[in-house]
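*Asks:* My structure file target.txt, compact mmCIF, C-alpha atoms and all ligand atoms, is below:
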# COMPACT_ATOMS: atom_id res chain seq x y z
CA MET A 17 136.49 76.69 97.65
CA THR A 18 136.66 77.66 94.02
CA ASN A 19 139.07 76.25 91.52
CA SER A 20 140.74 79.58 90.77
CA PRO A 21 144.19 79.29 89.20
CA ASP A 22 147.20 79.61 91.51
CA PRO A 23 148.48 83.16 90.80
CA ALA A 24 152.01 82.05 91.69
CA GLN A 25 152.09 79.76 88.69
CA PRO A 26 153.08 81.23 85.30
CA THR A 27 150.35 80.79 82.69
CA ASP A 28 152.73 80.15 79.81
CA GLU A 29 155.96 78.22 79.47
CA PRO A 30 158.82 80.60 78.78
CA THR A 31 159.89 80.04 75.19
CA ALA A 32 163.06 82.09 75.00
CA GLU A 33 165.25 84.42 77.01
CA ALA A 34 164.04 87.99 76.63
CA THR A 35 166.40 89.86 74.37
CA LEU A 36 166.89 93.62 74.52
CA VAL A 37 165.52 95.45 71.50
CA ASP A 38 166.49 99.02 70.64
CA PRO A 39 163.21 100.96 70.28
CA THR A 40 164.76 103.40 67.81
CA THR A 41 165.46 100.64 65.29
CA LYS A 42 162.72 98.15 66.24
CA TYR A 43 160.61 99.07 63.19
CA GLU A 44 162.67 100.47 60.34
CA VAL A 45 159.95 101.12 57.79
CA GLU A 46 159.93 103.36 54.74
CA ILE A 47 156.51 104.94 54.23
CA PRO A 48 155.86 106.03 50.62
CA VAL A 49 153.46 108.81 49.63
CA GLN A 50 149.99 107.23 49.46
CA SER A 51 146.35 108.05 49.92
CA GLN A 52 143.11 106.12 50.44
CA PRO A 53 139.49 107.22 50.51
CA VAL A 54 137.97 107.57 54.01
CA PRO A 55 137.95 105.48 56.19
CA GLY A 56 140.96 103.62 54.75
CA LEU A 57 141.78 99.94 54.97
CA ALA A 58 144.66 98.40 56.91
CA SER A 59 144.95 95.80 54.12
CA GLU A 60 145.85 98.53 51.58
CA MET A 61 148.55 100.26 53.62
CA VAL A 62 152.13 100.23 52.33
CA PRO A 63 153.96 98.90 54.27
CA PRO A 64 151.43 96.99 56.37
CA ALA A 65 151.23 98.00 60.03
CA ASP A 66 152.07 95.60 62.86
CA HIS A 67 148.89 95.06 64.88
CA GLY A 68 150.39 92.08 66.71
CA GLU A 69 149.16 89.45 64.25
CA THR A 70 152.44 87.52 64.55
CA THR A 71 154.03 89.44 67.41
CA TYR A 72 151.65 89.83 70.38
CA VAL A 73 151.92 87.08 73.01
CA GLY A 74 149.12 86.85 75.59
CA HIS A 75 149.45 85.78 79.22
CA GLY A 76 145.85 85.24 80.28
CA ARG A 77 145.53 88.64 81.95
CA LEU A 78 141.93 89.23 80.79
CA ARG A 79 140.61 85.70 81.07
CA GLY A 80 136.81 85.61 80.70
CA ARG A 81 136.40 89.38 80.22
CA ARG A 82 133.88 90.71 77.69
CA ALA A 83 135.07 93.77 75.79
CA LEU A 84 133.55 96.12 73.21
CA ILE A 85 136.17 97.89 71.09
CA THR A 86 134.93 100.59 68.71
CA GLY A 87 137.04 100.95 65.58
CA GLY A 88 138.32 97.42 66.20
CA ASP A 89 138.91 96.62 62.51
CA SER A 90 142.19 98.47 61.98
CA GLY A 91 144.96 100.44 63.63
CA ILE A 92 145.05 100.75 67.40
CA GLY A 93 141.62 99.13 67.85
CA ARG A 94 142.70 96.07 65.86
CA ALA A 95 145.84 95.72 67.99
CA VAL A 96 143.66 95.95 71.12
CA ALA A 97 141.23 93.30 69.79
CA ILE A 98 144.06 90.87 69.01
CA ALA A 99 145.75 91.48 72.38
CA TYR A 100 142.52 91.19 74.37
CA ALA A 101 141.62 87.90 72.67
CA ARG A 102 145.09 86.48 73.31
CA GLU A 103 144.77 87.62 76.95
CA GLY A 104 141.59 85.54 77.18
CA ALA A 105 138.76 88.03 76.52
CA ASP A 106 135.77 87.71 74.19
CA VAL A 107 135.44 90.82 72.05
CA ALA A 108 132.88 92.76 70.05
CA ILE A 109 134.25 95.13 67.42
CA GLY A 110 132.53 98.16 65.93
CA TYR A 111 133.51 99.51 62.50
CA LEU A 112 132.09 101.10 59.35
CA PRO A 113 130.42 98.84 56.76
CA GLU A 114 133.14 99.81 54.22
CA GLU A 115 135.68 98.16 56.56
CA GLN A 116 134.08 94.70 56.50
CA SER A 117 137.17 93.04 54.97
CA ASP A 118 139.49 94.43 57.67
CA ALA A 119 136.96 93.44 60.35
CA ASP A 120 136.71 89.89 58.96
CA GLU A 121 140.49 89.51 59.33
CA VAL A 122 140.30 90.63 62.96
CA ALA A 123 137.41 88.26 63.67
CA GLN A 124 139.45 85.35 62.30
CA LEU A 125 142.45 86.31 64.47
CA VAL A 126 140.20 86.49 67.55
CA ARG A 127 138.72 83.08 66.76
CA ASP A 128 142.23 81.69 66.20
CA ALA A 129 142.92 82.72 69.81
CA GLY A 130 139.95 80.59 70.86
CA ARG A 131 137.69 83.52 71.71
CA LEU A 132 134.34 84.86 70.52
CA CYS A 133 134.21 87.86 68.15
CA ILE A 134 130.96 89.77 67.62
CA GLN A 135 131.10 91.98 64.50
CA LEU A 136 129.04 95.17 64.64
CA PRO A 137 129.16 97.37 61.51
CA GLY A 138 127.53 100.80 61.76
CA ASP A 139 128.14 104.55 61.72
CA VAL A 140 128.42 105.69 65.34
CA GLY A 141 127.98 109.31 64.27
CA ASP A 142 124.27 108.42 64.40
CA GLU A 143 122.97 108.31 67.97
CA GLU A 144 120.60 105.38 67.48
CA VAL A 145 123.32 103.32 65.76
CA ALA A 146 125.82 104.14 68.52
CA ARG A 147 123.42 103.14 71.27
CA SER A 148 122.29 99.95 69.53
CA LEU A 149 125.95 98.99 69.00
CA VAL A 150 126.34 98.80 72.77
CA ARG A 151 123.10 96.87 73.21
CA ASP A 152 124.11 94.40 70.49
CA ALA A 153 127.55 93.94 72.07
CA VAL A 154 125.99 93.21 75.46
CA ALA A 155 123.57 90.73 73.89
CA GLY A 156 126.28 89.00 71.85
CA LEU A 157 128.85 88.81 74.65
CA GLY A 158 126.38 88.08 77.45
CA GLY A 159 127.45 91.24 79.31
CA LEU A 160 130.15 93.89 79.24
CA ASP A 161 133.22 94.34 81.46
CA VAL A 162 135.52 96.47 79.29
CA LEU A 163 134.51 99.34 77.01
CA VAL A 164 137.18 100.73 74.67
CA LEU A 165 135.95 103.94 73.03
CA ASN A 166 138.41 104.20 70.19
CA ALA A 167 136.59 104.99 66.89
CA ALA A 168 137.45 108.41 65.48
CA ARG A 169 138.01 110.47 62.36
CA GLN A 170 140.91 112.76 61.60
CA ARG A 171 141.20 115.03 58.57
CA LYS A 172 143.91 117.62 58.26
CA VAL A 173 142.84 121.07 57.00
CA GLU A 174 145.61 123.65 56.95
CA LYS A 175 143.50 126.84 56.85
CA LEU A 176 140.52 127.60 59.06
CA GLU A 177 138.72 129.07 55.99
CA ASP A 178 138.72 125.56 54.50
CA LEU A 179 137.34 123.77 57.56
CA THR A 180 133.68 123.18 56.71
CA SER A 181 130.81 123.10 59.18
CA GLU A 182 130.07 119.59 57.89
CA GLN A 183 133.54 118.36 58.83
CA TRP A 184 133.36 120.09 62.21
CA ALA A 185 129.97 118.47 62.96
CA GLU A 186 131.07 115.03 61.79
CA THR A 187 134.26 115.13 63.84
CA MET A 188 132.32 116.08 66.95
CA ASN A 189 129.60 113.48 66.29
CA VAL A 190 131.99 110.57 65.81
CA ASN A 191 134.79 111.61 68.18
CA VAL A 192 132.91 113.23 71.08
CA ASN A 193 129.15 112.61 70.92
CA ALA A 194 129.42 108.89 70.10
CA PRO A 195 131.62 108.13 73.13
CA PHE A 196 129.07 109.99 75.28
CA TRP A 197 126.13 108.06 73.80
CA MET A 198 127.88 104.70 74.09
CA MET A 199 129.17 105.35 77.59
CA GLN A 200 125.68 106.31 78.75
CA GLU A 201 124.15 103.25 77.09
CA ALA A 202 126.79 100.94 78.62
CA LEU A 203 126.52 102.27 82.13
CA GLY A 204 123.66 100.06 83.26
CA HIS A 205 125.62 96.98 82.18
CA LEU A 206 128.98 97.77 83.82
CA GLN A 207 129.46 95.99 87.14
CA PRO A 208 131.95 97.02 89.85
CA GLY A 209 135.40 96.04 88.55
CA SER A 210 134.60 97.11 84.97
CA SER A 211 136.98 99.32 83.02
CA VAL A 212 136.31 102.04 80.44
CA ILE A 213 139.15 103.28 78.25
CA PHE A 214 138.85 106.39 76.07
CA THR A 215 141.33 106.94 73.24
CA SER A 216 142.59 110.50 73.41
CA SER A 217 145.81 111.75 71.76
CA VAL A 218 148.98 113.70 72.27
CA GLN A 219 146.98 116.20 70.17
CA ALA A 220 145.00 116.98 73.32
CA TYR A 221 148.18 118.52 74.78
CA THR A 222 150.34 119.63 71.87
CA PRO A 223 147.91 120.21 68.99
CA SER A 224 148.98 120.58 65.37
CA PRO A 225 147.83 123.79 63.66
CA GLY A 226 145.90 121.93 60.94
CA LEU A 227 143.94 119.61 63.25
CA VAL A 228 141.64 122.15 64.93
CA ASP A 229 138.49 120.00 65.10
CA TYR A 230 140.31 116.73 65.73
CA ALA A 231 142.65 118.03 68.46
CA ALA A 232 139.71 119.69 70.23
CA SER A 233 137.81 116.39 70.08
CA ARG A 234 140.71 114.46 71.66
CA ALA A 235 141.00 117.05 74.45
CA ALA A 236 137.25 116.73 75.00
CA VAL A 237 137.31 112.96 75.52
CA ASN A 238 140.38 113.22 77.74
CA THR A 239 138.50 115.64 79.98
CA MET A 240 135.33 113.54 79.81
CA SER A 241 137.28 110.55 81.06
CA LYS A 242 138.46 112.50 84.11
CA CYS A 243 134.93 113.70 85.00
CA LEU A 244 133.55 110.19 84.64
CA ALA A 245 136.39 108.60 86.61
CA GLN A 246 135.41 110.71 89.62
CA GLN A 247 131.68 110.21 89.10
CA LEU A 248 131.91 106.43 88.70
CA ALA A 249 134.63 105.59 91.22
CA PRO A 250 132.09 105.08 94.03
CA ARG A 251 130.35 102.56 91.76
CA GLY A 252 133.58 100.60 91.28
CA ILE A 253 133.92 101.48 87.57
CA ARG A 254 137.35 102.68 86.51
CA VAL A 255 137.67 105.18 83.66
CA ASN A 256 140.98 106.03 82.01
CA ALA A 257 142.31 107.40 78.74
CA VAL A 258 145.21 106.51 76.50
CA ALA A 259 147.06 109.22 74.59
CA PRO A 260 148.91 107.85 71.55
CA GLY A 261 151.55 109.84 69.71
CA PRO A 262 151.99 109.31 65.94
CA PHE A 263 150.95 105.76 64.97
CA TRP A 264 151.03 104.11 61.57
CA THR A 265 147.32 103.46 60.95
CA ALA A 266 144.61 103.72 58.28
CA LEU A 267 143.45 107.05 59.69
CA GLN A 268 146.76 108.63 58.64
CA VAL A 269 146.54 107.49 55.00
CA SER A 270 142.91 108.57 54.58
CA GLY A 271 143.26 112.31 55.25
CA GLY A 272 144.75 112.31 58.75
CA GLN A 273 148.01 113.58 57.26
CA LEU A 274 148.69 115.22 53.93
CA PRO A 275 150.08 112.43 51.67
CA ASP A 276 153.42 114.20 51.11
CA ALA A 277 154.03 114.29 54.87
CA LEU A 278 153.77 110.50 55.27
CA PRO A 279 157.43 109.61 54.45
CA THR A 280 158.59 111.66 57.45
CA PHE A 281 155.59 110.89 59.70
CA GLY A 282 156.77 110.56 63.32
CA HIS A 283 160.41 111.34 62.49
CA LYS A 284 160.53 114.40 64.76
CA ASN A 285 159.73 112.27 67.79
CA PRO A 286 162.54 111.50 70.25
CA LEU A 287 162.40 107.83 69.15
CA GLY A 288 162.62 109.04 65.54
CA ARG A 289 159.83 106.94 64.05
CA PRO A 290 156.06 106.41 64.16
CA GLY A 291 154.67 103.82 66.53
CA GLN A 292 153.17 100.53 65.33
CA PRO A 293 149.65 99.73 66.65
CA VAL A 294 150.90 96.67 68.58
CA GLU A 295 153.03 99.05 70.65
CA MET A 296 149.77 100.53 72.03
CA ALA A 297 148.22 97.20 73.02
CA GLY A 298 149.95 96.82 76.38
CA ALA A 299 148.53 100.12 77.66
CA TYR A 300 144.96 98.96 76.95
CA VAL A 301 145.61 95.53 78.42
CA TYR A 302 147.02 97.08 81.59
CA LEU A 303 144.13 99.53 82.07
CA ALA A 304 141.56 96.74 81.59
CA SER A 305 143.37 94.31 83.87
CA GLU A 306 143.24 93.61 87.58
CA GLU A 307 146.76 95.05 87.93
CA ALA A 308 145.21 98.50 87.34
CA SER A 309 142.62 98.18 90.14
CA TYR A 310 143.86 101.43 91.79
CA THR A 311 144.25 103.31 88.49
CA THR A 312 141.38 105.55 87.44
CA GLY A 313 141.21 109.09 86.05
CA ASN A 314 144.61 108.57 84.45
CA THR A 315 145.83 109.30 80.93
CA LEU A 316 148.48 106.84 79.84
CA SER A 317 150.64 108.46 77.17
CA VAL A 318 152.40 106.32 74.56
CA THR A 319 154.05 108.95 72.41
CA GLY A 320 157.52 107.77 71.42
CA GLY A 321 158.97 110.37 73.75
CA ALA A 322 156.92 113.49 72.93
CA PRO A 323 156.48 115.15 76.34
CA THR A 324 153.00 115.18 77.91
CA PRO A 325 151.81 116.73 81.18
P1 LIG B 401 142.00 103.71 62.28
O1 LIG B 401 141.45 104.43 61.13
O2 LIG B 401 142.70 102.44 62.00
O3 LIG B 401 140.89 103.43 63.36
C1 LIG B 401 139.82 104.32 63.58
C2 LIG B 401 138.53 103.54 63.41
O4 LIG B 401 137.44 104.40 63.75
C3 LIG B 401 138.25 103.09 61.98
O5 LIG B 401 138.82 101.85 61.72
C4 LIG B 401 136.73 103.03 61.96
O6 LIG B 401 136.30 101.71 62.14
C5 LIG B 401 136.31 103.84 63.16
N1 LIG B 401 135.39 104.89 62.72
C6 LIG B 401 135.67 106.07 62.13
N2 LIG B 401 134.53 106.72 61.85
C7 LIG B 401 133.51 105.93 62.27
C8 LIG B 401 132.11 106.03 62.26
N3 LIG B 401 131.49 107.12 61.76
N4 LIG B 401 131.38 105.01 62.76
C9 LIG B 401 131.97 103.90 63.26
N5 LIG B 401 133.31 103.75 63.31
C10 LIG B 401 134.06 104.75 62.82
O7 LIG B 401 142.96 104.74 63.03
P2 LIG B 401 143.67 104.73 64.48
O8 LIG B 401 144.80 105.66 64.34
O9 LIG B 401 143.90 103.36 64.94
O10 LIG B 401 142.58 105.43 65.39
C11 LIG B 401 142.15 104.88 66.60
C12 LIG B 401 142.11 105.94 67.68
O11 LIG B 401 143.45 106.39 67.95
C13 LIG B 401 141.33 107.20 67.35
O12 LIG B 401 140.56 107.57 68.49
C14 LIG B 401 142.40 108.26 67.11
O13 LIG B 401 141.93 109.55 67.45
C15 LIG B 401 143.46 107.78 68.07
N6 LIG B 401 144.80 108.27 67.82
C16 LIG B 401 145.49 107.89 66.71
C17 LIG B 401 146.77 108.37 66.51
C18 LIG B 401 147.59 107.97 65.33
O14 LIG B 401 148.64 108.56 65.12
N7 LIG B 401 147.17 107.01 64.53
C19 LIG B 401 147.34 109.26 67.43
C20 LIG B 401 146.60 109.63 68.53
C21 LIG B 401 145.33 109.12 68.73
MG MG B 402 139.48 101.00 59.94
Show the structure stored in the file as structure tokens.

*Replies:*
Amino acid sequence: MTNSPDPAQPTDEPTAEATLVDPTTKYEVEIPVQSQPVPGLASEMVPPADHGETTYVGHGRLRGRRALITGGDSGIGRAVAIAYAREGADVAIGYLPEEQSDADEVAQLVRDAGRLCIQLPGDVGDEEVARSLVRDAVAGLGGLDVLVLNAARQRKVEKLEDLTSEQWAETMNVNVNAPFWMMQEALGHLQPGSSVIFTSSVQAYTPSPGLVDYAASRAAVNTMSKCLAQQLAPRGIRVNAVAPGPFWTALQVSGGQLPDALPTFGHKNPLGRPGQPVEMAGAYVYLASEEASYTTGNTLSVTGGAPTP
């Protein structure tokens, strides 16, 4: 007999009755025109985004898991790192060296949750860096059960004449090739029961005219996830994707949108506002968790109401 916890027992004492919150008014934020150099820092965003720092409550759903989250310093990846730690997982986060200050904040939040945080700076557009990131995560965490492929670049270019070959190549390297390299490198470490989560986008389905390279890259990883889900199902490895709609993150203030478009970013959505990164966290927790044991090859859309297939 093992001493496994009784699943009938709640892991946390209820602290308050759940109150209904209207999602249209949950985050009433005014976003001013602003711009940051690539890759952008969460700490410089006005107003700051909600990554769950004071809002995400964990319930032990990923106890003892070991997760690598690329782009874990800011935005959606930061929200996932905070949530995973509060759900009981140790995490490794990848990020660019310029994002060290954001990454240090995340590492502190993970440690505050009583979990290990391995910090792995490096440009995953370089194959050797991408592959060694996975090896270093495995070494630091003592294994790997959850792989969140989330790092990406987005730069809006309105006219095809202005889209350079350099931008095209960089987008594909970071957004498509790196997930391939890291997935391949991780494969030998993923045991049956492991979960891989690609970050796609609503752009894979309803692309914006000025995001040719980016939207194509998000469609590519969405399709990759469906190939790999079928290929790896017999090995007990689940592979899914998450498709966010418009989220208030550093990527949007560092070229993802034109600065003048930021004050109305997300306003055309049925919920009438952009999402906050913490509102993505539950999707990644679910797909990594035991509750999703029959879910693979799926794309979980979190779009604020924008229709997806
Ligand atoms: P973000 O800028 O906060 O996070 C992206 C992260 O990618 C950066 O923090 C950076 O660490 C990492 N990154 C970028 N280039 C890298 C490189 N060369 N090497 C290593 N790391 C690199 O923005 P985000 O919006 O949270 O983006 C996370 C994911 O969400 C991306 O895959 C993006 O395509 C996807 N997404 C975002 C939105 C949105 O509206 N924000 C919508 C749909 C999908
Ligand atoms: Mg960042």

*Asks:* Tell me, in Å to one decimal, how far atom CA of Leu78 of chain A is from atom CA of Ala108 of chain A.

*Replies:*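 We find that atom CA of Leu78 of chain A and atom CA of Ala108 of chain A lie 14.5 Å from each other.
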
*Asks:* Let me have all residues with an atom within 7 Å of ligand MG 402 (chain B), counting all atoms listed in the file, laid out as a ChimeraX atom specification.

*Replies:* /A:55-58,87,89-91,111,115,118,266

*Asks:* Show me which residues sit within 8 Å of ligand LIG 401 (chain B) when counting only C-alpha atoms and all ligand atoms, and put them as an mmCIF file with C-alpha atoms, keeping the file's coordinate frame.

*Replies:*
data_model
loop_
_atom_site.group_PDB
_atom_site.id
_atom_site.type_symbol
_atom_site.label_atom_id
_atom_site.label_comp_id
_atom_site.auth_asym_id
_atom_site.auth_seq_id
_atom_site.Cartn_x
_atom_site.Cartn_y
_atom_site.Cartn_z
ATOM 1 C CA PRO A 55 137.950 105.480 56.190
ATOM 2 C CA GLY A 56 140.960 103.620 54.750
ATOM 3 C CA LEU A 57 141.780 99.940 54.970
ATOM 4 C CA ALA A 58 144.660 98.400 56.910
ATOM 5 C CA THR A 86 134.930 100.590 68.710
ATOM 6 C CA GLY A 87 137.040 100.950 65.580
ATOM 7 C CA GLY A 88 138.320 97.420 66.200
ATOM 8 C CA ASP A 89 138.910 96.620 62.510
ATOM 9 C CA SER A 90 142.190 98.470 61.980
ATOM 10 C CA GLY A 91 144.960 100.440 63.630
ATOM 11 C CA ILE A 92 145.050 100.750 67.400
ATOM 12 C CA GLY A 93 141.620 99.130 67.850
ATOM 13 C CA ARG A 94 142.700 96.070 65.860
ATOM 14 C CA GLY A 110 132.530 98.160 65.930
ATOM 15 C CA TYR A 111 133.510 99.510 62.500
ATOM 16 C CA LEU A 112 132.090 101.100 59.350
ATOM 17 C CA GLU A 115 135.680 98.160 56.560
ATOM 18 C CA PRO A 137 129.160 97.370 61.510
ATOM 19 C CA GLY A 138 127.530 100.800 61.760
ATOM 20 C CA ASP A 139 128.140 104.550 61.720
ATOM 21 C CA VAL A 140 128.420 105.690 65.340
ATOM 22 C CA GLY A 141 127.980 109.310 64.270
ATOM 23 C CA ASP A 142 124.270 108.420 64.400
ATOM 24 C CA LEU A 165 135.950 103.940 73.030
ATOM 25 C CA ASN A 166 138.410 104.200 70.190
ATOM 26 C CA ALA A 167 136.590 104.990 66.890
ATOM 27 C CA ALA A 168 137.450 108.410 65.480
ATOM 28 C CA ARG A 169 138.010 110.470 62.360
ATOM 29 C CA GLN A 170 140.910 112.760 61.600
ATOM 30 C CA GLU A 186 131.070 115.030 61.790
ATOM 31 C CA VAL A 190 131.990 110.570 65.810
ATOM 32 C CA ASN A 191 134.790 111.610 68.180
ATOM 33 C CA PHE A 214 138.850 106.390 76.070
ATOM 34 C CA THR A 215 141.330 106.940 73.240
ATOM 35 C CA SER A 216 142.590 110.500 73.410
ATOM 36 C CA SER A 217 145.810 111.750 71.760
ATOM 37 C CA VAL A 218 148.980 113.700 72.270
ATOM 38 C CA GLN A 219 146.980 116.200 70.170
ATOM 39 C CA TYR A 230 140.310 116.730 65.730
ATOM 40 C CA ARG A 234 140.710 114.460 71.660
ATOM 41 C CA ALA A 259 147.060 109.220 74.590
ATOM 42 C CA PRO A 260 148.910 107.850 71.550
ATOM 43 C CA GLY A 261 151.550 109.840 69.710
ATOM 44 C CA PRO A 262 151.990 109.310 65.940
ATOM 45 C CA PHE A 263 150.950 105.760 64.970
ATOM 46 C CA TRP A 264 151.030 104.110 61.570
ATOM 47 C CA THR A 265 147.320 103.460 60.950
ATOM 48 C CA ALA A 266 144.610 103.720 58.280
ATOM 49 C CA LEU A 267 143.450 107.050 59.690
ATOM 50 C CA GLN A 268 146.760 108.630 58.640
ATOM 51 C CA SER A 270 142.910 108.570 54.580
ATOM 52 C CA PRO A 290 156.060 106.410 64.160
ATOM 53 C CA GLY A 291 154.670 103.820 66.530
ATOM 54 C CA PRO A 293 149.650 99.730 66.650
#

*Asks:* Excluding same-chain residues fewer than 4 positions from segment 97-104 of chain A, what lies within 10 Å of it counting all atoms listed in the file, as a PyMOL selection string?

*Replies:* chain A and resi 67-69+71-90+92-93+108-109+122-133+164+294+296-298+300-301+304-305

*Asks:* Atom CA of Ala65 of chain A to atom CA of Gln292 of chain A: how many Å, to one decimal?

*Replies:*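 That distance, rounded to one decimal, is 6.2 Å.
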
*Asks:* Find, counting all atoms listed in the file, the residue in A:Leu160, A:Val318, A:Asp229, A:Val255 that gets nearest to Ala185 of chain A.

*Replies:* A:Asp229

*Asks:* Which residues are close to segment 309-311 of chain A, i.e. within 10 Å by all atoms listed in the file, leaving aside same-chain residues fewer than 5 positions away? Reply as a list in words.

*Replies:* Gly209, Ser210, Ser211, Ala245, Gly252, Ile253, Arg254, Val255, Asn256, Tyr302, Leu303 and Ala304 of chain A

*Asks:* When you count only C-alpha atoms, which of these residues is closest to Val62 of chain A: A:Gly282, A:Gly313, A:Pro48, A:Gly272?

*Replies:* A:Pro48

*Asks:* What does the distance from atom CA of Val237 of chain A to atom CA of Trp184 of chain A come to in Å, to one decimal?

*Replies:*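 So the two atoms, atom CA of Val237 of chain A and atom CA of Trp184 of chain A, lie 15.6 Å apart.
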
*Asks:* Hey, which of A:Gly156, A:Val96, A:Ser233, A:Trp197 ends up closest to Ile213 of chain A? Count only C-alpha atoms.

*Replies:*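 Selected residue with least distance to Ile213 of chain A: A:Val96.
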
*Asks:* Please extract segment 212-218 of chain A and write it out with all heavy atoms, as a PDB file, in the first residue's frame.

*Replies:*
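That gives us out27.pdb:
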ATOM      1  N   VAL A 212       2.456  17.162 -23.664  1.00  0.00           N
ATOM      2  CA  VAL A 212       3.106  18.235 -24.427  1.00  0.00           C
ATOM      3  C   VAL A 212       2.024  19.213 -24.844  1.00  0.00           C
ATOM      4  O   VAL A 212       0.951  18.805 -25.307  1.00  0.00           O
ATOM      5  CB  VAL A 212       3.814  17.674 -25.678  1.00  0.00           C
ATOM      6  CG1 VAL A 212       4.457  18.803 -26.481  1.00  0.00           C
ATOM      7  CG2 VAL A 212       4.843  16.627 -25.290  1.00  0.00           C
ATOM      8  N   ILE A 213       2.298  20.505 -24.661  1.00  0.00           N
ATOM      9  CA  ILE A 213       1.306  21.523 -25.014  1.00  0.00           C
ATOM     10  C   ILE A 213       1.968  22.575 -25.909  1.00  0.00           C
ATOM     11  O   ILE A 213       2.912  23.258 -25.487  1.00  0.00           O
ATOM     12  CB  ILE A 213       0.712  22.191 -23.756  1.00  0.00           C
ATOM     13  CG1 ILE A 213       0.158  21.122 -22.800  1.00  0.00           C
ATOM     14  CG2 ILE A 213      -0.375  23.189 -24.153  1.00  0.00           C
ATOM     15  CD1 ILE A 213      -0.163  21.630 -21.410  1.00  0.00           C
ATOM     16  N   PHE A 214       1.500  22.671 -27.134  1.00  0.00           N
ATOM     17  CA  PHE A 214       1.956  23.703 -28.062  1.00  0.00           C
ATOM     18  C   PHE A 214       1.080  24.935 -27.877  1.00  0.00           C
ATOM     19  O   PHE A 214      -0.127  24.817 -27.662  1.00  0.00           O
ATOM     20  CB  PHE A 214       1.799  23.238 -29.510  1.00  0.00           C
ATOM     21  CG  PHE A 214       2.816  22.230 -29.964  1.00  0.00           C
ATOM     22  CD1 PHE A 214       2.688  20.887 -29.656  1.00  0.00           C
ATOM     23  CD2 PHE A 214       3.903  22.634 -30.728  1.00  0.00           C
ATOM     24  CE1 PHE A 214       3.620  19.953 -30.101  1.00  0.00           C
ATOM     25  CE2 PHE A 214       4.838  21.707 -31.178  1.00  0.00           C
ATOM     26  CZ  PHE A 214       4.708  20.362 -30.864  1.00  0.00           C
ATOM     27  N   THR A 215       1.676  26.128 -28.001  1.00  0.00           N
ATOM     28  CA  THR A 215       0.859  27.343 -28.032  1.00  0.00           C
ATOM     29  C   THR A 215       0.655  27.743 -29.485  1.00  0.00           C
ATOM     30  O   THR A 215       1.603  28.102 -30.184  1.00  0.00           O
ATOM     31  CB  THR A 215       1.519  28.490 -27.249  1.00  0.00           C
ATOM     32  OG1 THR A 215       1.733  28.055 -25.895  1.00  0.00           O
ATOM     33  CG2 THR A 215       0.614  29.714 -27.231  1.00  0.00           C
ATOM     34  N   SER A 216      -0.574  27.646 -29.933  1.00  0.00           N
ATOM     35  CA  SER A 216      -0.948  28.098 -31.266  1.00  0.00           C
ATOM     36  C   SER A 216      -1.601  29.472 -31.123  1.00  0.00           C
ATOM     37  O   SER A 216      -1.169  30.286 -30.293  1.00  0.00           O
ATOM     38  CB  SER A 216      -1.872  27.059 -31.920  1.00  0.00           C
ATOM     39  OG  SER A 216      -2.279  27.489 -33.186  1.00  0.00           O
ATOM     40  N   SER A 217      -2.645  29.749 -31.880  1.00  0.00           N
ATOM     41  CA  SER A 217      -3.319  31.043 -31.802  1.00  0.00           C
ATOM     42  C   SER A 217      -4.607  30.990 -32.598  1.00  0.00           C
ATOM     43  O   SER A 217      -4.737  30.203 -33.544  1.00  0.00           O
ATOM     44  CB  SER A 217      -2.417  32.136 -32.394  1.00  0.00           C
ATOM     45  OG  SER A 217      -3.129  33.349 -32.511  1.00  0.00           O
ATOM     46  N   VAL A 218      -5.512  31.888 -32.259  1.00  0.00           N
ATOM     47  CA  VAL A 218      -6.694  32.104 -33.091  1.00  0.00           C
ATOM     48  C   VAL A 218      -6.246  32.535 -34.494  1.00  0.00           C
ATOM     49  O   VAL A 218      -6.962  32.342 -35.481  1.00  0.00           O
ATOM     50  CB  VAL A 218      -7.622  33.146 -32.429  1.00  0.00           C
ATOM     51  CG1 VAL A 218      -6.978  34.532 -32.423  1.00  0.00           C
ATOM     52  CG2 VAL A 218      -8.994  33.186 -33.077  1.00  0.00           C
TER      53      VAL A 218
END
